[in-house]
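**Student:** I have a structure I would like to understand better, so I am pasting it below and will then ask my questions one at a time.
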Amino acid sequence: MNLRYKLFTAFLGLIIIPLFILGMIMFFVTYNSIEKKYSQQSEYSLKAISYSISNVFKDMDNVTDNGIATSVFHMALSADDPSKQDLTDAEQLSLNASQRNFRSLLYNHPSISYAFLYNFNGKGSSEIVSVFTKENFRTLPYDKFKGSDLYQEVMKLNGVPKWLAPHEYPELTGTEAVFTQIRLIKELSFFQNIGILVVQIKNWEFESIFRNLKIGDSSQKVSFMLVNDDGMILLDPDRQLDGQDFRDFTTKDITFKPGFQSYKTQFDGEKSILSVYHLKDYPWSLVSVTSWGSLSHEVTVFARWFVVVMFLCLLGAVIFNLFFMNRITGGIAVIVRFMRRVEDGDLTTRVEEKGSDEMTLLARGFNDLMDKINSLFNRVNEEQRRKNQAEMRVLQAQIKPHFLFNTLESINVLAVQNEGRKVSEMVYRLASILRISIQDRDEITLEEEVKHLRNYLDIQKFRFEDLFDYELEVPEDLLGCGILKLTLQPLVENSIQHGFEGISYKGLVSVKVWEERGNLILRIQDNGIGMTPSQLSMFQYMVNDPAEQKPEGKPEHGIHLERRGLGVRSVADRIRIEYGGRYGIFICASPGEGTIIQCVIPKYGQGEDHYAKGIIG
């Protein structure tokens with residue numbers, strides 16, 4: 001994975017994803033907190049509504065208690081004409097003080113819708129005594145009421161009021177959404193059961209309670225209803241669900257038990273919070289249904305904004321990665337690419353400097369470093385070149401005295417023999433040789449080197465006229481090639497000095513030059529005595545002069561053997577220093593079979609940069 005993707009992954013993993021996880025955690029915590037806090041609020045509200053409803057029932061219980069205490073109901077049941085006991089139609093003057101007081105109490109309590117009495121002692125039309133008339137309402141006959149379970153329950157309560165909610169007993173209370181109180185009436189003197197009072201109160205007071213008491217903000221969608229323990233909806237202030245089964249609207253299996261309950265579930269196809277509070281002393285439960293959407297609206301808006309912000313952050317991260325991160329990682333990638341080119345040996349590479357930020361400073365530093373490295377390499381190469389030149393001068397200094405000594409020795413011999421012409425010829429040729437040797441040039445043409453070699457061989461022929469012959473075979477198209485001076489002469493000298501030592505036949509030195517695969521091949525071949533493997537092993541490159549390392553106690557002839565091939569080794573060292581390890585001399589010899597010395601150098605014109613070619617090779 002490259003740096004760009006690593007940074008982008010780190011940005012996602014360390015910033016975006018943790019923020020997203022934190023937002024989700026806060027979102028769910030807030031949701032749960034809303035549900036918990038709203039459940040607490042709805043519990044308080046439902047308890048307040050329960051208290052208000054209980055007060056309405058208690059007020060009506062007090063009204064009927066007052067009627068019983070003042071014998072108003074007893075007088076109505078024991079009257080000669082029960083049909084004349086309707087307090088709404090009776091004239092004020094015809095009523096006694098108790099009846100007038102009770103009638104004033106009824107009128108001051110306008111929630112009463114209807115009131116009548118079942119007369120236990122009456123017959124026919126006197127079985128039902130109307131106290132407060134109601135139009136278009138037919139009372140359940142006493143015989144049918146007496147055969148119902150409700151009658152038995154009222155009798156067991158023995159005077160304690162029994163309240164009926166709307167739709168529980170429509171045959172008794174009708175189809176209107178009214179609450180009905182039923183209670184047993186006793187004669188106060190003997191506590192004899194004389195009748196049953198049925199009082200209906202209007203539901204507008206309950207609607208007022210539900211309407212004036214809200215939970216939370218007014219923007220929240222909340223509805224209340226009264227449900228009995230069987231799940232029937234007794235009162236819906238919106239008049240939409242009256243008389244229906246509560247369980248038909250929710251998937252939650254709710255049991256209406258004492259206490260408070262709260263659930264988050266579906267109600268009428270909408271996700272809602274259901275809060276249920278069971279009324280004390282009554283078989284009913286108050287239920288509040290609150291739309292979860294209205295409750296979580298603010299949190300949902302927050303969540304949407306959070307998603308938008310996260311998306312913008314992610315978009316910003318992508319844009320940052322595409323533009324700014326690409327600028328950084330792209331610059332680093334360019335520098336890495338140029339560093340690899342440097343690893344491959346290209347020290348001339350440079351990074352383009354653009355801008356003024358840290359990447360530009362890094363590119364400038366890379367370029368400065370490469371400039372210093374190049375400068376250092378150039379200085380090292382120059383110092384190495386000077387060192388090689390110094391070593392070559394030392395090697396040439398080793399060759400010149402050696403050759404001059406041998407030549408002068410030969411001239412001395414000719415002078416002793418009074419060979420004036422030969423001495424003159426040899427001095428002339430020696431002068432030509434010295435002229436080339438003392439030149440301040442390390443490199444000459446092959447033509448000059450061959451002329452130098454011919455002068456040397458002619459000098460040796462003057463000295464050893466019957467010892468050897470020589471052959472020179474050099475193509476004319478190669479005479480202009482460059483070569484280190486004093487390359488051929490020491491090799492030929494080695495053949496004459498050591499190859500023809502003690503032979504009984506005439507020796508032959510053959511020098512051939514040709515081109516092969518871009519190189520010059522110089523072969524010096526003689527038919528001399530050859531060399532043994534131990535003698536061949538003395539020819540080693542780049543070692544000190546063996547004469548300087550002579551061990552103590554060695555015989556003197558060992559020095560002579562160690563000096564054998566000194567000129568050959570010097571030539572080989574010079575070629576290696578000048579052209580590199582790829583070039584040098586190769587010797588093939590066998591005792592009695594002669595010696596072949598083959599020299600390999602690069603082919604180049606005089607003055608060309610053969611040094612760089614040798615380094616690359």
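Residue numbers start at 1 in each chain; chains themselves are named A, B, ... in the order of the structure tokens; ligands are numbered from 1 in the order shown.
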Write out as a list in words each polymer residue whose atoms come within 9 Å of segment 138-154 of chain A, counting only C-alpha atoms; drop sequence neighbours fewer than 6 positions from it.
**Tutor:**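 Here the qualifying residues turn out to be Phe116, Tyr118, Asn119, Phe120, Glu127, Ile128, Val160, Pro161, Lys162, Tyr169, Glu171, Leu172, Thr173, Gly174, Ile182, Arg183, Leu184 and Ile196 of chain A.
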**Student:** What does the distance from atom CA of Val416 of chain A to atom CA of Phe468 of chain A come to in Å, to one decimal?
**Tutor:**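 Atom CA of Phe468 of chain A lies 22.2 Å from atom CA of Val416 of chain A.
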**Student:** What separation in Å, quoted to one decimal, exists between atom CA of Phe320 of chain A and atom CA of Gly355 of chain A?
**Tutor:** 18.0 Å
**Student:** Give the helix (DSSP H, G or I) residues of segment 128-160 of chain A, as assigned by DSSP on the backbone, as a list in words.
**Tutor:**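 Here are the helix (DSSP H, G or I) residues of segment 128-160 of chain A: Tyr142, Asp143, Lys144, Phe145, Lys146, Asp149, Leu150, Tyr151, Gln152, Glu153, Val154, Met155, Lys156 and Leu157 of chain A.
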**Student:** Kindly save the residues from that selection, with N, CA, C and O atoms included, as a CSV table (one decimal), in the first residue's frame.
**Tutor:**
chain,number,residue,atom,x,y,z
A,142,TYR,N,-87.1,-2.8,34.1
A,142,TYR,CA,-86.6,-3.3,35.4
A,142,TYR,C,-86.4,-4.8,35.3
A,142,TYR,O,-85.4,-5.3,35.9
A,143,ASP,N,-87.3,-5.5,34.7
A,143,ASP,CA,-87.2,-6.9,34.6
A,143,ASP,C,-86.0,-7.4,33.9
A,143,ASP,O,-85.3,-8.3,34.4
A,144,LYS,N,-85.6,-6.7,32.8
A,144,LYS,CA,-84.4,-7.1,32.1
A,144,LYS,C,-83.2,-6.7,32.9
A,144,LYS,O,-82.2,-7.4,32.9
A,145,PHE,N,-83.2,-5.6,33.5
A,145,PHE,CA,-82.1,-5.1,34.3
A,145,PHE,C,-81.9,-6.1,35.5
A,145,PHE,O,-80.7,-6.4,35.8
A,146,LYS,N,-83.0,-6.5,36.1
A,146,LYS,CA,-82.9,-7.4,37.2
A,146,LYS,C,-82.2,-8.8,36.8
A,146,LYS,O,-81.6,-9.4,37.7
A,149,ASP,N,-76.1,-9.5,35.1
A,149,ASP,CA,-75.0,-9.6,36.0
A,149,ASP,C,-74.8,-8.3,36.7
A,149,ASP,O,-74.3,-8.3,37.9
A,150,LEU,N,-75.0,-7.2,36.0
A,150,LEU,CA,-74.8,-5.9,36.6
A,150,LEU,C,-75.7,-5.7,37.9
A,150,LEU,O,-75.2,-5.1,38.9
A,151,TYR,N,-76.9,-6.2,37.8
A,151,TYR,CA,-77.8,-6.0,38.9
A,151,TYR,C,-77.2,-6.8,40.2
A,151,TYR,O,-77.3,-6.2,41.3
A,152,GLN,N,-76.7,-8.0,39.9
A,152,GLN,CA,-76.2,-8.7,41.0
A,152,GLN,C,-75.0,-8.0,41.6
A,152,GLN,O,-74.8,-8.0,42.9
A,153,GLU,N,-74.2,-7.4,40.8
A,153,GLU,CA,-73.0,-6.7,41.3
A,153,GLU,C,-73.3,-5.5,42.1
A,153,GLU,O,-72.7,-5.2,43.1
A,154,VAL,N,-74.4,-4.8,41.6
A,154,VAL,CA,-74.8,-3.6,42.4
A,154,VAL,C,-75.4,-4.0,43.7
A,154,VAL,O,-75.1,-3.3,44.7
A,155,MET,N,-76.1,-5.1,43.8
A,155,MET,CA,-76.7,-5.5,45.0
A,155,MET,C,-75.5,-5.9,46.0
A,155,MET,O,-75.6,-5.7,47.2
A,156,LYS,N,-74.5,-6.5,45.4
A,156,LYS,CA,-73.4,-6.9,46.3
A,156,LYS,C,-72.6,-5.7,46.9
A,156,LYS,O,-72.1,-5.8,48.0
A,157,LEU,N,-72.6,-4.6,46.1
A,157,LEU,CA,-71.9,-3.4,46.6
A,157,LEU,C,-72.6,-2.8,47.7
A,157,LEU,O,-72.0,-2.0,48.5
**Student:** Mind pulling up the distance from atom CA of Leu522 of chain A to atom CA of Val600 of chain A?
**Tutor:**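 For atom CA of Val600 of chain A relative to atom CA of Leu522 of chain A, the distance reads 6.5 Å.
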**Student:** Could you give me, as a ChimeraX atom specification, the residues within 9 Å of Leu117 of chain A, counting only C-alpha atoms and dropping anything in the same chain fewer than 6 positions from it?
**Tutor:** /A:73,76-77,127-131,185,195-199
**Student:** Which residues come within 12 Å of segment 426-430 of chain A, counting only C-alpha atoms, excluding same-chain residues fewer than 4 positions away, as number ranges by chain?
**Tutor:** A: 400, 403-415, 419-422, 434-438, 451-463
**Student:** Just to be explicit: take each residue in the selection above, keep N, CA and C atoms, and write the result as a CSV table (one decimal), in the first residue's frame.
**Tutor:**
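Saved as result-v5.csv:
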chain,number,residue,atom,x,y,z
A,400,LYS,N,62.5,2.1,-18.3
A,400,LYS,CA,63.5,2.9,-19.0
A,400,LYS,C,65.0,2.5,-18.6
A,403,PHE,N,65.8,-1.1,-20.0
A,403,PHE,CA,66.1,-1.1,-21.4
A,403,PHE,C,67.4,-0.4,-21.8
A,404,LEU,N,67.6,0.8,-21.2
A,404,LEU,CA,68.8,1.5,-21.5
A,404,LEU,C,70.1,0.8,-21.1
A,405,PHE,N,70.0,0.1,-20.0
A,405,PHE,CA,71.1,-0.7,-19.5
A,405,PHE,C,71.5,-1.8,-20.6
A,406,ASN,N,70.5,-2.5,-21.0
A,406,ASN,CA,70.7,-3.6,-22.0
A,406,ASN,C,71.3,-3.1,-23.3
A,407,THR,N,70.7,-1.9,-23.8
A,407,THR,CA,71.1,-1.4,-25.0
A,407,THR,C,72.6,-0.9,-25.0
A,408,LEU,N,72.9,-0.1,-23.9
A,408,LEU,CA,74.3,0.4,-23.8
A,408,LEU,C,75.3,-0.8,-23.7
A,409,GLU,N,74.8,-1.8,-23.0
A,409,GLU,CA,75.7,-3.0,-22.9
A,409,GLU,C,76.0,-3.6,-24.3
A,410,SER,N,75.0,-3.6,-25.2
A,410,SER,CA,75.2,-4.1,-26.6
A,410,SER,C,76.1,-3.1,-27.3
A,411,ILE,N,75.9,-1.8,-27.2
A,411,ILE,CA,76.8,-0.8,-27.9
A,411,ILE,C,78.2,-1.0,-27.4
A,412,ASN,N,78.4,-1.2,-26.1
A,412,ASN,CA,79.7,-1.3,-25.6
A,412,ASN,C,80.4,-2.5,-26.2
A,413,VAL,N,79.7,-3.6,-26.4
A,413,VAL,CA,80.3,-4.8,-27.0
A,413,VAL,C,80.7,-4.5,-28.4
A,414,LEU,N,79.9,-3.8,-29.2
A,414,LEU,CA,80.2,-3.4,-30.6
A,414,LEU,C,81.4,-2.5,-30.6
A,415,ALA,N,81.5,-1.6,-29.7
A,415,ALA,CA,82.6,-0.7,-29.7
A,415,ALA,C,83.9,-1.4,-29.4
A,419,GLU,N,83.2,-2.1,-34.3
A,419,GLU,CA,82.1,-2.1,-35.3
A,419,GLU,C,81.5,-0.6,-35.3
A,420,GLY,N,82.3,0.3,-35.9
A,420,GLY,CA,81.9,1.7,-35.9
A,420,GLY,C,80.6,1.9,-36.6
A,421,ARG,N,80.4,1.3,-37.8
A,421,ARG,CA,79.2,1.5,-38.5
A,421,ARG,C,78.0,1.0,-37.7
A,422,LYS,N,78.1,-0.1,-37.1
A,422,LYS,CA,77.0,-0.7,-36.3
A,422,LYS,C,76.8,0.1,-35.1
A,434,LEU,N,65.0,6.7,-27.4
A,434,LEU,CA,65.0,7.6,-26.3
A,434,LEU,C,64.1,8.8,-26.5
A,435,ARG,N,64.0,9.2,-27.8
A,435,ARG,CA,63.2,10.3,-28.1
A,435,ARG,C,61.7,10.0,-27.8
A,436,ILE,N,61.3,8.8,-28.2
A,436,ILE,CA,59.9,8.5,-27.9
A,436,ILE,C,59.8,8.2,-26.4
A,437,SER,N,60.8,7.6,-25.7
A,437,SER,CA,60.6,7.3,-24.3
A,437,SER,C,60.5,8.5,-23.4
A,438,ILE,N,61.3,9.5,-23.8
A,438,ILE,CA,61.4,10.7,-22.9
A,438,ILE,C,60.3,11.7,-23.2
A,451,LYS,N,57.3,1.5,-34.9
A,451,LYS,CA,58.6,2.1,-35.3
A,451,LYS,C,59.6,1.9,-34.2
A,452,HIS,N,59.1,2.2,-32.9
A,452,HIS,CA,59.9,2.1,-31.7
A,452,HIS,C,60.4,0.6,-31.6
A,453,LEU,N,59.5,-0.3,-31.8
A,453,LEU,CA,59.8,-1.7,-31.7
A,453,LEU,C,60.8,-2.1,-32.8
A,454,ARG,N,60.6,-1.6,-34.0
A,454,ARG,CA,61.6,-2.0,-35.0
A,454,ARG,C,63.0,-1.5,-34.7
A,455,ASN,N,63.1,-0.3,-34.2
A,455,ASN,CA,64.4,0.2,-33.8
A,455,ASN,C,65.0,-0.7,-32.8
A,456,TYR,N,64.2,-1.1,-31.8
A,456,TYR,CA,64.7,-1.9,-30.7
A,456,TYR,C,65.2,-3.3,-31.3
A,457,LEU,N,64.4,-3.9,-32.2
A,457,LEU,CA,64.8,-5.2,-32.8
A,457,LEU,C,66.0,-5.0,-33.7
A,458,ASP,N,66.1,-3.9,-34.4
A,458,ASP,CA,67.3,-3.8,-35.2
A,458,ASP,C,68.6,-3.6,-34.3
A,459,ILE,N,68.4,-2.9,-33.2
A,459,ILE,CA,69.5,-2.9,-32.2
A,459,ILE,C,69.9,-4.2,-31.8
A,460,GLN,N,68.9,-5.1,-31.4
A,460,GLN,CA,69.2,-6.4,-30.9
A,460,GLN,C,69.8,-7.3,-32.1
A,461,LYS,N,69.4,-7.0,-33.3
A,461,LYS,CA,69.9,-7.8,-34.4
A,461,LYS,C,71.4,-7.5,-34.6
A,462,PHE,N,71.7,-6.2,-34.4
A,462,PHE,CA,73.2,-5.8,-34.5
A,462,PHE,C,74.0,-6.6,-33.5
A,463,ARG,N,73.3,-6.8,-32.3
A,463,ARG,CA,74.1,-7.4,-31.2
A,463,ARG,C,74.1,-8.9,-31.4
**Student:** Could you pull the residues within 9 Å of Ser291 of chain A, counting only C-alpha atoms, minus those fewer than 5 positions along the same chain, as a PyMOL selection string?
**Tutor:** chain A and resi 220-223+267+270-273+296
**Student:** Using all heavy atoms, can you export the residues from the last selection as a JSON list (two decimals), in the first residue's frame?
**Tutor:**
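The file below, result-v4.json, is the result:
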[["chain", "number", "residue", "atom", "x", "y", "z"],
["A", 220, "GLN", "N", -46.19, 18.10, 19.62],
["A", 220, "GLN", "CA", -46.19, 16.64, 19.69],
["A", 220, "GLN", "C", -47.60, 16.11, 19.45],
["A", 220, "GLN", "O", -48.59, 16.66, 19.94],
["A", 220, "GLN", "CB", -45.69, 16.17, 21.06],
["A", 220, "GLN", "CG", -44.23, 16.50, 21.30],
["A", 220, "GLN", "CD", -43.77, 16.13, 22.69],
["A", 220, "GLN", "OE1", -44.58, 15.69, 23.51],
["A", 220, "GLN", "NE2", -42.49, 16.29, 22.97],
["A", 221, "LYS", "N", -47.65, 15.06, 18.70],
["A", 221, "LYS", "CA", -48.92, 14.42, 18.34],
["A", 221, "LYS", "C", -49.26, 13.41, 19.42],
["A", 221, "LYS", "O", -48.74, 12.31, 19.45],
["A", 221, "LYS", "CB", -48.79, 13.76, 16.97],
["A", 221, "LYS", "CG", -50.09, 13.17, 16.45],
["A", 221, "LYS", "CD", -49.87, 12.54, 15.09],
["A", 221, "LYS", "CE", -51.16, 11.90, 14.58],
["A", 221, "LYS", "NZ", -50.94, 11.25, 13.26],
["A", 222, "VAL", "N", -50.22, 13.81, 20.33],
["A", 222, "VAL", "CA", -50.58, 12.98, 21.47],
["A", 222, "VAL", "C", -52.09, 12.79, 21.48],
["A", 222, "VAL", "O", -52.85, 13.73, 21.24],
["A", 222, "VAL", "CB", -50.12, 13.61, 22.81],
["A", 222, "VAL", "CG1", -50.39, 12.66, 23.96],
["A", 222, "VAL", "CG2", -48.63, 13.98, 22.74],
["A", 223, "SER", "N", -52.51, 11.59, 21.76],
["A", 223, "SER", "CA", -53.94, 11.31, 21.94],
["A", 223, "SER", "C", -54.13, 10.46, 23.18],
["A", 223, "SER", "O", -53.26, 9.64, 23.52],
["A", 223, "SER", "CB", -54.50, 10.58, 20.70],
["A", 223, "SER", "OG", -53.84, 9.35, 20.50],
["A", 267, "PHE", "N", -48.74, 1.62, 16.49],
["A", 267, "PHE", "CA", -50.14, 1.83, 16.82],
["A", 267, "PHE", "C", -50.81, 2.46, 15.61],
["A", 267, "PHE", "O", -50.44, 3.56, 15.18],
["A", 267, "PHE", "CB", -50.31, 2.72, 18.05],
["A", 267, "PHE", "CG", -51.74, 2.87, 18.48],
["A", 267, "PHE", "CD1", -52.35, 1.90, 19.28],
["A", 267, "PHE", "CD2", -52.51, 3.97, 18.07],
["A", 267, "PHE", "CE1", -53.66, 2.03, 19.66],
["A", 267, "PHE", "CE2", -53.83, 4.09, 18.45],
["A", 267, "PHE", "CZ", -54.41, 3.12, 19.25],
["A", 270, "GLU", "N", -48.46, 3.39, 12.82],
["A", 270, "GLU", "CA", -47.46, 4.42, 13.05],
["A", 270, "GLU", "C", -46.66, 4.08, 14.29],
["A", 270, "GLU", "O", -47.22, 3.65, 15.31],
["A", 270, "GLU", "CB", -48.13, 5.79, 13.20],
["A", 270, "GLU", "CG", -47.14, 6.93, 13.35],
["A", 270, "GLU", "CD", -47.85, 8.28, 13.48],
["A", 270, "GLU", "OE1", -49.10, 8.28, 13.51],
["A", 270, "GLU", "OE2", -47.15, 9.31, 13.54],
["A", 271, "LYS", "N", -45.35, 4.28, 14.20],
["A", 271, "LYS", "CA", -44.49, 4.01, 15.35],
["A", 271, "LYS", "C", -44.79, 5.02, 16.45],
["A", 271, "LYS", "O", -44.71, 6.24, 16.24],
["A", 271, "LYS", "CB", -43.02, 4.10, 14.93],
["A", 271, "LYS", "CG", -42.05, 3.53, 15.97],
["A", 271, "LYS", "CD", -40.63, 3.50, 15.42],
["A", 271, "LYS", "CE", -39.70, 2.85, 16.42],
["A", 271, "LYS", "NZ", -38.30, 2.80, 15.90],
["A", 272, "SER", "N", -45.13, 4.50, 17.63],
["A", 272, "SER", "CA", -45.58, 5.38, 18.71],
["A", 272, "SER", "C", -45.09, 4.85, 20.04],
["A", 272, "SER", "O", -44.60, 3.72, 20.16],
["A", 272, "SER", "CB", -47.12, 5.47, 18.72],
["A", 272, "SER", "OG", -47.63, 5.84, 17.46],
["A", 273, "ILE", "N", -45.25, 5.70, 21.06],
["A", 273, "ILE", "CA", -45.01, 5.30, 22.45],
["A", 273, "ILE", "C", -46.36, 5.19, 23.15],
["A", 273, "ILE", "O", -47.13, 6.15, 23.19],
["A", 273, "ILE", "CB", -44.12, 6.32, 23.18],
["A", 273, "ILE", "CG1", -42.69, 6.25, 22.63],
["A", 273, "ILE", "CG2", -44.10, 6.04, 24.67],
["A", 273, "ILE", "CD1", -41.72, 7.15, 23.35],
["A", 296, "SER", "N", -39.29, 12.36, 18.17],
["A", 296, "SER", "CA", -37.89, 12.28, 17.72],
["A", 296, "SER", "C", -37.61, 13.21, 16.56],
["A", 296, "SER", "O", -36.60, 13.05, 15.87],
["A", 296, "SER", "CB", -37.57, 10.84, 17.31],
["A", 296, "SER", "OG", -38.41, 10.42, 16.24]]
**Student:** Counting only C-alpha atoms, what is within 12 Å of Ser495 of chain A, bar same-chain residues fewer than 6 positions away, as a PyMOL selection string?
**Tutor:** chain A and resi 457+460+467-470+488-489+501+507-511+524-531+564-565+567-568+587+589+594-597
**Student:** For the selection just defined, write its residues with N, CA and C atoms to a file, as a short mmCIF file (atom, residue, chain, number, x, y, z; two decimals), in the first residue's frame.
**Tutor:**
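Everything below was put into out16.cif:
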data_model
loop_
_atom_site.label_atom_id
_atom_site.label_comp_id
_atom_site.auth_asym_id
_atom_site.auth_seq_id
_atom_site.Cartn_x
_atom_site.Cartn_y
_atom_site.Cartn_z
N LEU A 457 64.39 -3.88 -32.21
CA LEU A 457 64.77 -5.17 -32.79
C LEU A 457 66.01 -5.04 -33.67
N GLN A 460 68.92 -5.06 -31.41
CA GLN A 460 69.21 -6.41 -30.93
C GLN A 460 69.78 -7.28 -32.06
N LEU A 467 71.22 -14.88 -33.82
CA LEU A 467 70.42 -15.49 -32.74
C LEU A 467 68.95 -15.62 -33.11
N PHE A 468 68.39 -14.63 -33.79
CA PHE A 468 66.95 -14.67 -34.07
C PHE A 468 66.64 -13.82 -35.28
N ASP A 469 65.45 -14.02 -35.79
CA ASP A 469 64.84 -13.16 -36.80
C ASP A 469 63.50 -12.67 -36.24
N TYR A 470 62.92 -11.68 -36.90
CA TYR A 470 61.63 -11.19 -36.43
C TYR A 470 60.72 -10.93 -37.61
N LEU A 488 54.82 -2.87 -26.65
CA LEU A 488 55.33 -4.03 -27.38
C LEU A 488 56.80 -4.32 -27.05
N GLN A 489 57.60 -3.28 -26.90
CA GLN A 489 59.05 -3.48 -26.71
C GLN A 489 59.39 -4.32 -25.49
N GLU A 501 67.41 -17.97 -24.68
CA GLU A 501 68.61 -18.23 -23.86
C GLU A 501 69.00 -19.70 -23.95
N GLY A 507 66.27 -18.42 -33.47
CA GLY A 507 64.95 -18.08 -32.97
C GLY A 507 64.17 -17.17 -33.92
N LEU A 508 62.87 -17.12 -33.64
CA LEU A 508 61.99 -16.29 -34.45
C LEU A 508 60.97 -15.61 -33.54
N VAL A 509 60.91 -14.29 -33.67
CA VAL A 509 59.91 -13.51 -32.94
C VAL A 509 58.91 -12.98 -33.96
N SER A 510 57.62 -13.30 -33.72
CA SER A 510 56.56 -12.87 -34.64
C SER A 510 55.61 -11.95 -33.87
N VAL A 511 55.39 -10.76 -34.45
CA VAL A 511 54.48 -9.79 -33.84
C VAL A 511 53.34 -9.55 -34.83
N ILE A 524 52.62 -11.57 -29.52
CA ILE A 524 54.08 -11.76 -29.63
C ILE A 524 54.33 -13.23 -29.40
N GLN A 525 54.86 -13.89 -30.42
CA GLN A 525 55.07 -15.33 -30.37
C GLN A 525 56.53 -15.64 -30.71
N ASP A 526 57.15 -16.52 -29.90
CA ASP A 526 58.52 -16.94 -30.18
C ASP A 526 58.61 -18.45 -30.14
N ASN A 527 59.71 -18.95 -30.69
CA ASN A 527 59.93 -20.40 -30.69
C ASN A 527 61.04 -20.77 -29.74
N GLY A 528 61.09 -20.01 -28.64
CA GLY A 528 62.17 -20.21 -27.67
C GLY A 528 61.95 -21.40 -26.76
N ILE A 529 62.59 -21.33 -25.60
CA ILE A 529 62.61 -22.47 -24.67
C ILE A 529 61.30 -22.61 -23.89
N GLY A 530 60.45 -21.62 -23.95
CA GLY A 530 59.19 -21.69 -23.21
C GLY A 530 59.38 -21.50 -21.71
N MET A 531 58.35 -21.82 -20.96
CA MET A 531 58.39 -21.67 -19.50
C MET A 531 57.66 -22.82 -18.84
N ARG A 564 62.91 -12.28 -13.74
CA ARG A 564 62.43 -12.74 -15.04
C ARG A 564 60.98 -12.26 -15.21
N GLY A 565 60.69 -11.58 -16.31
CA GLY A 565 59.33 -11.13 -16.60
C GLY A 565 58.96 -9.84 -15.94
N GLY A 567 59.51 -6.79 -17.01
CA GLY A 567 58.94 -5.91 -18.02
C GLY A 567 57.54 -6.33 -18.42
N VAL A 568 57.28 -7.67 -18.50
CA VAL A 568 55.94 -8.15 -18.85
C VAL A 568 54.93 -7.74 -17.79
N ILE A 587 49.41 -15.07 -21.22
CA ILE A 587 50.64 -15.78 -21.58
C ILE A 587 50.32 -17.27 -21.70
N ALA A 589 52.54 -20.74 -22.50
CA ALA A 589 53.90 -21.26 -22.71
C ALA A 589 53.99 -22.71 -22.25
N GLY A 594 58.08 -22.81 -26.87
CA GLY A 594 57.98 -21.38 -27.10
C GLY A 594 56.93 -20.72 -26.21
N THR A 595 56.77 -19.45 -26.45
CA THR A 595 55.85 -18.65 -25.61
C THR A 595 55.00 -17.76 -26.51
N ILE A 596 53.75 -17.64 -26.13
CA ILE A 596 52.83 -16.71 -26.80
C ILE A 596 52.34 -15.72 -25.77
N ILE A 597 52.57 -14.44 -26.04
CA ILE A 597 52.05 -13.37 -25.18
C ILE A 597 51.02 -12.59 -26.01
#
**Student:** With a distance cut-off of 10 Å and only C-alpha atoms, select the neighbouring residues of Gly584 of chain A, excluding the residue or stretch itself and same-chain residues fewer than 4 positions from it, and output the selection as a list in words.
**Tutor:**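 Returned residues: Tyr541, Arg569, Val571, Ala572, Asp573, Arg574, Ile575, Arg576, Ile577, Glu578, Tyr579, Gly580, Gln598, Cys599, Val600 and Ile601 of chain A.
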**Student:** Pick from A:Gly592, A:Leu315, A:Leu369, A:Val72: nearest to Val342 of chain A, with only C-alpha atoms counted?
**Tutor:**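 Smallest separation from Val342 of chain A among the options: A:Leu369.
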**Student:** Check segment 440-589 of chain A with DSSP on the backbone and list each residue it calls strand (DSSP E or B), as a PyMOL selection string.
**Tutor:** chain A and resi 443-445+468-473+481-484+507-516+519-526+584-589
**Student:** With only C-alpha atoms as the basis for distance, which of A:Val474, A:Glu207, A:Val301, A:Trp163 is at the shortest distance from Ser54 of chain A?
**Tutor:**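 The closest residue to Ser54 of chain A is A:Trp163.
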